[in-house]
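Written out below as structure tokens is the structure these notes cover.
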Amino acid sequence: MEYGFDFAYVFKYVPKLLSTLDLTLLIVAGAIATGLIIGLLVALPRLYHVPVLKQLSMVYVSFFRGTPVLIQLFLFYYGLPEILKLVYIDVTRVPVLYFVIFTLGLNAGAFISETIRAAVTAVNRGQVEAAYAVGMTGYQAFTRIILPQALAIAVPVFSNLVIAMLKETSLAFTLGVMEMTGKAQSLGALSQHFLETYISLAIIYLIISLLLERVLLLAERRLQRHMRREQEKRSWFGLRRVPPLNRLTRELNLEKKEVPSYEA
Amino acid sequence: MIKLRGIRKSFGRQEVLQGIDLTVEKGEVVAILGPSGSGKTTLLRCINYLEKPSDGTIHISDFTLDCKHAGKKEVHALRQRSAMVFQQYNLFNHKTALENVIEGLIVVKKVSKDEARKRGIQLLEKVGLGAKLDAYPSQLSGGQQQRVGIARALALEPEVILFDEPTSALDPELVGEVLAVIRRIAKEGITMIIVTHEMAFAQDVANHVVFMDGGVIVEEGPPAELFSNPKEERTKQFLKRYTPEFSYSI
Ligand SMILES: Nc1ncnc2c1ncn2[C@@H]1O[C@H](COP(=O)(O)OP(=O)(O)OP(=O)(O)O)[C@@H](O)[C@H]1O
Ligand SMILES: [Mg+2]
């Protein structure tokens with residue numbers, strides 16, 4: 001069979017690939033949810049200087065930030081069952097999908113914990129003292145005063161993470177998960193129209209990324225409404241945003257200036 | 001009534017408070033003066049345990065806390081009896097003026113939302129911010145923020161309000177509005193301890209003035225006496241430095 005580029009395939013494959021979109025989104029949602037919980041748990045010992053746990057969380061973060069996601073997937077998929085076998089837990093029947101979500105979740109958790117840590121440090125110490133002075137407990141001060149502001153500071157970075165995660169789900173095909181990239185692989189193999197398949201695939205990822213970005217931007221707007229000095233003018237398409245890094249460093253500097261040597 | 005006895009605090013090897021005894025009667029306004037680094041802020045922060053004293057007892061109305069054996073519970077109980085107005089305002093930046101004022105009422109005092117709102121609005125009107133209920137701190141001037149800070153302190157109906165240089169972060173033209181508010185609530189008989197460098201204000205509003213230096217109370221007394229007839233050499237020097245015109249006029 002002779003290969004000739006046929007644009008019709010691009011359109012033909014879009015709906016076929018979309019039929020596996022739910023799986024891709026499930027992996028994103030599962031991994032991010034896992035990552036949020038783990039990220040918060042891992043950030044806490046470092047924020048509150050809990051001895052041993054603090055070191056453990058640093059090792060965890062270094063590992064997941066310092067190794068490729070693909071290798072992490074392989075290590076967990078092939079390695080974890082072996083380790084668990086030693087303690088007589090059999091996970092060989094657990095579907096691959098769970099391994100993928102779990103590993104990507106751990107990966108996201110490492111980045112999320114760093115983001116939370118930076119954001120929490122950026123909320124100035126004075127507000128925590130004010131919360132204590134008002135009579136709040138440490139827990140109330142954290143959940144009512146620090147966390148909401150930290151989240152607002154962290155959303156732009158968090159948005160980037162979600163979009164990066166969307167793209168990382170494509171690695172799941174290497175373990176045989178039939179998400180969008182896996183599906184594209186098999187469609188291409190069947191028809192030999194690989195290029196067309198990948199074009200449709202790229203188009204879909206791009207559109208989903210743009211949509212996600214839009215939704216996350218709305219969330220960002222809402223969480224950060226207190227940071228604006230006045231009502232912002234709407235730019236067309238509504239995509240104007242302050243560079244997140246700028247904001248983070250600005251907040252960090254502010255904090256250094258305002259509370260030089262005190263702590264409670 | 002507030003009674004501090006033998007309050008000591010060290011940072012590392014430096015003893016910043018060297019045994020402070022202070023009694024404040026109910027309804028009294030006490031001004032604390034003293035050179036920079038004399039321990040005024042530290043003393044104020046010890047009273048609500050933002051700083052843990054190394055020794056001493058703190059007594060506020062019906063509650064006594066021994067700093068040597070104070071657990072979380074006692075500290076929490078102590079903090080419920082005071083409120084603080086900070087030099088840098090320290091408003092909750094993600095909350096509106098009204099939410100700042102009622103946060104403590106709802107979370108700590110467990111007052112219902114409606115009731116809290118009603119009281120919050122009254123208090124903000126009282127400090128002249130009835131039109132700024134829904135503004136975020138970033139949308140308020142320094143003077144306005146500090147007035148929200150005062151309303152937040154008032155909302156808790158504490159036994160005592162602690163002010164740490166409430167106007168020293170403000171532009172000069174905004175100092176007046178904040179001092180006016182403090183003066184007004186002083187007249188209502190709320191017990192206050194104010195650390196300030198505004199000599200004229202201290203003289204005018206306080207019933208009792210305390211002069212601190214080097215971690216001890218050097219001299220205290222009614223303002224008329226302390227300002228016009230200081231007994232200690234250190235007090236005289238300090239007053240001369242801060243109010244030159246004043247010392248010439250004696
Ligand atoms: N957290 C801290 N760690 C170490 N030293 C501190 C700390 N806080 C205060 N000090 C020191 O304690 C001393 C008293 O400080 P404090 O802030 O109470 O002075 P102050 O009278 O309020 O001065 P100012 O008028 O400048 O506000 C100073 O020498 C200061 O350097
Ligand atoms: Mg001070």
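So you can find residues: chains in the structure tokens are A, B, ... in the order shown, residues in each start at 1, and ligands are numbered from 1 in order.
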
| request: Name each residue within 12 Å of ligand 1, counting only C-alpha atoms and all ligand atoms, as JSON, numbers by chain. | output: {"A": [259, 260, 261, 262, 263, 264], "B": [8, 9, 10, 11, 12, 13, 14, 15, 16, 17, 18, 32, 33, 34, 35, 36, 37, 38, 39, 40, 41, 42, 43, 44, 45, 46, 50, 51, 52, 53, 86, 87, 88, 163, 164, 165, 166, 168, 169, 194, 195, 196, 197, 198, 211, 212, 213, 214, 215, 216, 217]}

| task | Find the residues of chain B in contact range of chain A, meaning any atom within 6 Å when counting only C-alpha atoms, and list them as a ChimeraX atom specification. | result | /B:50-51,79-80,83,90,92,94,104,136,138-139

| request: For B:Pro172, please output as a count of residues only all residues within 12 Å (counting only C-alpha atoms; exclusion window: fewer than 6 positions along the same chain). | output: 5

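For B:Asp66, the set of protein, DNA and RNA residues having any atom at most 10 Å away, when counting only C-alpha atoms and skipping those fewer than 4 positions along the same chain, is Arg5, Pro53, Asp55, Gly56, Thr57, Ile58, His59, Ala70, Gly71, Glu74 and Val75 of chain B.
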
| request: With a distance cut-off of 12 Å and only C-alpha atoms, select the neighbouring residues of A:Met165, excluding the residue or stretch itself and same-chain residues fewer than 6 positions from it, and output the selection as a PyMOL selection string. | output: chain A and resi 24-33+35+69+100-101+103-109+111-112+158-159+171-172+205+208-209+212

Keeping only N, CA, C and O atoms, write the selected residues as a tab-separated table (two decimals), in the first residue's frame.
```
chain	number	residue	atom	x	y	z
A	24	THR	N	-8.25	10.35	29.36
A	24	THR	CA	-7.18	11.33	29.54
A	24	THR	C	-7.52	12.30	30.67
A	24	THR	O	-6.71	12.55	31.56
A	25	LEU	N	-8.77	12.82	30.62
A	25	LEU	CA	-9.16	13.79	31.65
A	25	LEU	C	-9.24	13.13	33.02
A	25	LEU	O	-8.93	13.76	34.03
A	26	LEU	N	-9.64	11.88	33.04
A	26	LEU	CA	-9.68	11.15	34.32
A	26	LEU	C	-8.28	11.07	34.93
A	26	LEU	O	-8.10	11.27	36.13
A	27	ILE	N	-7.30	10.80	34.08
A	27	ILE	CA	-5.93	10.72	34.59
A	27	ILE	C	-5.49	12.08	35.13
A	27	ILE	O	-4.93	12.19	36.21
A	28	VAL	N	-5.79	13.15	34.36
A	28	VAL	CA	-5.43	14.50	34.83
A	28	VAL	C	-6.07	14.78	36.18
A	28	VAL	O	-5.40	15.16	37.15
A	29	ALA	N	-7.40	14.57	36.25
A	29	ALA	CA	-8.12	14.89	37.48
A	29	ALA	C	-7.61	14.04	38.65
A	29	ALA	O	-7.35	14.57	39.73
A	30	GLY	N	-7.46	12.75	38.39
A	30	GLY	CA	-6.99	11.86	39.45
A	30	GLY	C	-5.61	12.24	39.94
A	30	GLY	O	-5.35	12.31	41.15
A	31	ALA	N	-4.71	12.52	39.00
A	31	ALA	CA	-3.33	12.84	39.37
A	31	ALA	C	-3.27	14.17	40.12
A	31	ALA	O	-2.55	14.30	41.11
A	32	ILE	N	-4.04	15.16	39.65
A	32	ILE	CA	-4.00	16.47	40.31
A	32	ILE	C	-4.62	16.38	41.71
A	32	ILE	O	-4.09	16.94	42.67
A	33	ALA	N	-5.71	15.64	41.83
A	33	ALA	CA	-6.34	15.49	43.15
A	33	ALA	C	-5.37	14.81	44.11
A	33	ALA	O	-5.14	15.27	45.23
A	35	GLY	N	-2.19	14.70	43.81
A	35	GLY	CA	-1.08	15.63	43.99
A	35	GLY	C	-1.39	16.72	45.00
A	35	GLY	O	-0.52	17.11	45.78
A	69	VAL	N	9.63	11.86	34.15
A	69	VAL	CA	8.34	11.24	34.48
A	69	VAL	C	8.26	9.83	33.91
A	69	VAL	O	7.75	8.91	34.54
A	100	VAL	N	-0.66	4.56	36.88
A	100	VAL	CA	-0.39	5.81	36.17
A	100	VAL	C	-0.87	7.00	37.00
A	100	VAL	O	-0.12	7.95	37.22
A	101	ILE	N	-2.12	6.91	37.48
A	101	ILE	CA	-2.66	8.03	38.26
A	101	ILE	C	-1.83	8.24	39.52
A	101	ILE	O	-1.47	9.37	39.87
A	103	THR	N	1.35	7.39	40.15
A	103	THR	CA	2.69	7.92	39.88
A	103	THR	C	2.65	9.39	39.45
A	103	THR	O	3.40	10.22	39.96
A	104	LEU	N	1.75	9.69	38.52
A	104	LEU	CA	1.64	11.09	38.10
A	104	LEU	C	1.20	11.97	39.28
A	104	LEU	O	1.62	13.12	39.40
A	105	GLY	N	0.37	11.41	40.16
A	105	GLY	CA	-0.06	12.14	41.35
A	105	GLY	C	1.11	12.44	42.26
A	105	GLY	O	1.26	13.55	42.77
A	106	LEU	N	1.98	11.45	42.47
A	106	LEU	CA	3.17	11.67	43.28
A	106	LEU	C	4.06	12.73	42.65
A	106	LEU	O	4.61	13.59	43.32
A	107	ASN	N	4.16	12.64	41.33
A	107	ASN	CA	4.97	13.63	40.61
A	107	ASN	C	4.40	15.04	40.79
A	107	ASN	O	5.12	15.97	41.15
A	108	ALA	N	3.10	15.17	40.58
A	108	ALA	CA	2.47	16.48	40.74
A	108	ALA	C	2.61	16.94	42.19
A	108	ALA	O	2.86	18.13	42.45
A	109	GLY	N	2.48	16.01	43.14
A	109	GLY	CA	2.58	16.35	44.56
A	109	GLY	C	3.89	17.04	44.89
A	109	GLY	O	3.93	17.98	45.68
A	111	PHE	N	5.75	18.91	42.94
A	111	PHE	CA	5.73	20.30	42.47
A	111	PHE	C	4.72	21.13	43.25
A	111	PHE	O	4.98	22.28	43.59
A	112	ILE	N	3.57	20.51	43.57
A	112	ILE	CA	2.55	21.26	44.30
A	112	ILE	C	3.04	21.61	45.70
A	112	ILE	O	2.82	22.71	46.20
A	158	PHE	N	-0.05	26.81	39.59
A	158	PHE	CA	-0.86	25.61	39.60
A	158	PHE	C	-1.48	25.36	38.21
A	158	PHE	O	-1.51	24.24	37.73
A	159	SER	N	-1.94	26.43	37.57
A	159	SER	CA	-2.50	26.29	36.22
A	159	SER	C	-1.49	25.67	35.28
A	159	SER	O	-1.82	24.78	34.49
A	171	LEU	N	2.17	10.02	28.24
A	171	LEU	CA	3.18	8.99	28.50
A	171	LEU	C	2.57	7.66	28.92
A	171	LEU	O	3.22	6.62	28.88
A	172	ALA	N	1.29	7.72	29.33
A	172	ALA	CA	0.65	6.51	29.83
A	172	ALA	C	0.59	5.44	28.75
A	172	ALA	O	0.54	4.24	29.03
A	205	TYR	N	-5.13	18.20	21.80
A	205	TYR	CA	-4.39	18.63	23.00
A	205	TYR	C	-4.39	20.16	23.10
A	205	TYR	O	-4.58	20.73	24.17
A	208	ILE	N	-7.86	21.49	24.13
A	208	ILE	CA	-8.15	21.21	25.55
A	208	ILE	C	-7.29	22.10	26.45
A	208	ILE	O	-7.76	22.65	27.45
A	209	SER	N	-6.01	22.27	26.08
A	209	SER	CA	-5.13	23.15	26.87
A	209	SER	C	-5.68	24.56	26.95
A	209	SER	O	-5.74	25.16	28.02
A	212	LEU	N	-8.71	24.62	29.19
A	212	LEU	CA	-8.30	24.51	30.60
A	212	LEU	C	-7.73	25.84	31.10
A	212	LEU	O	-8.05	26.29	32.19
```

| request: Record the distance separating atom CA of B:Thr23 and atom CA of B:Pro223, expressed in Å with one decimal. | output: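 Separation of atom CA of B:Thr23 and atom CA of B:Pro223: 15.7 Å.
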
| query | Taking the backbone alone, and naming residues the way the document does, which bits of stretch 16-175 of chain B are strand (DSSP E) by DSSP, as number ranges by chain? | reply | B: 16-24, 29-33, 55-60, 63-66, 82-85, 160-164
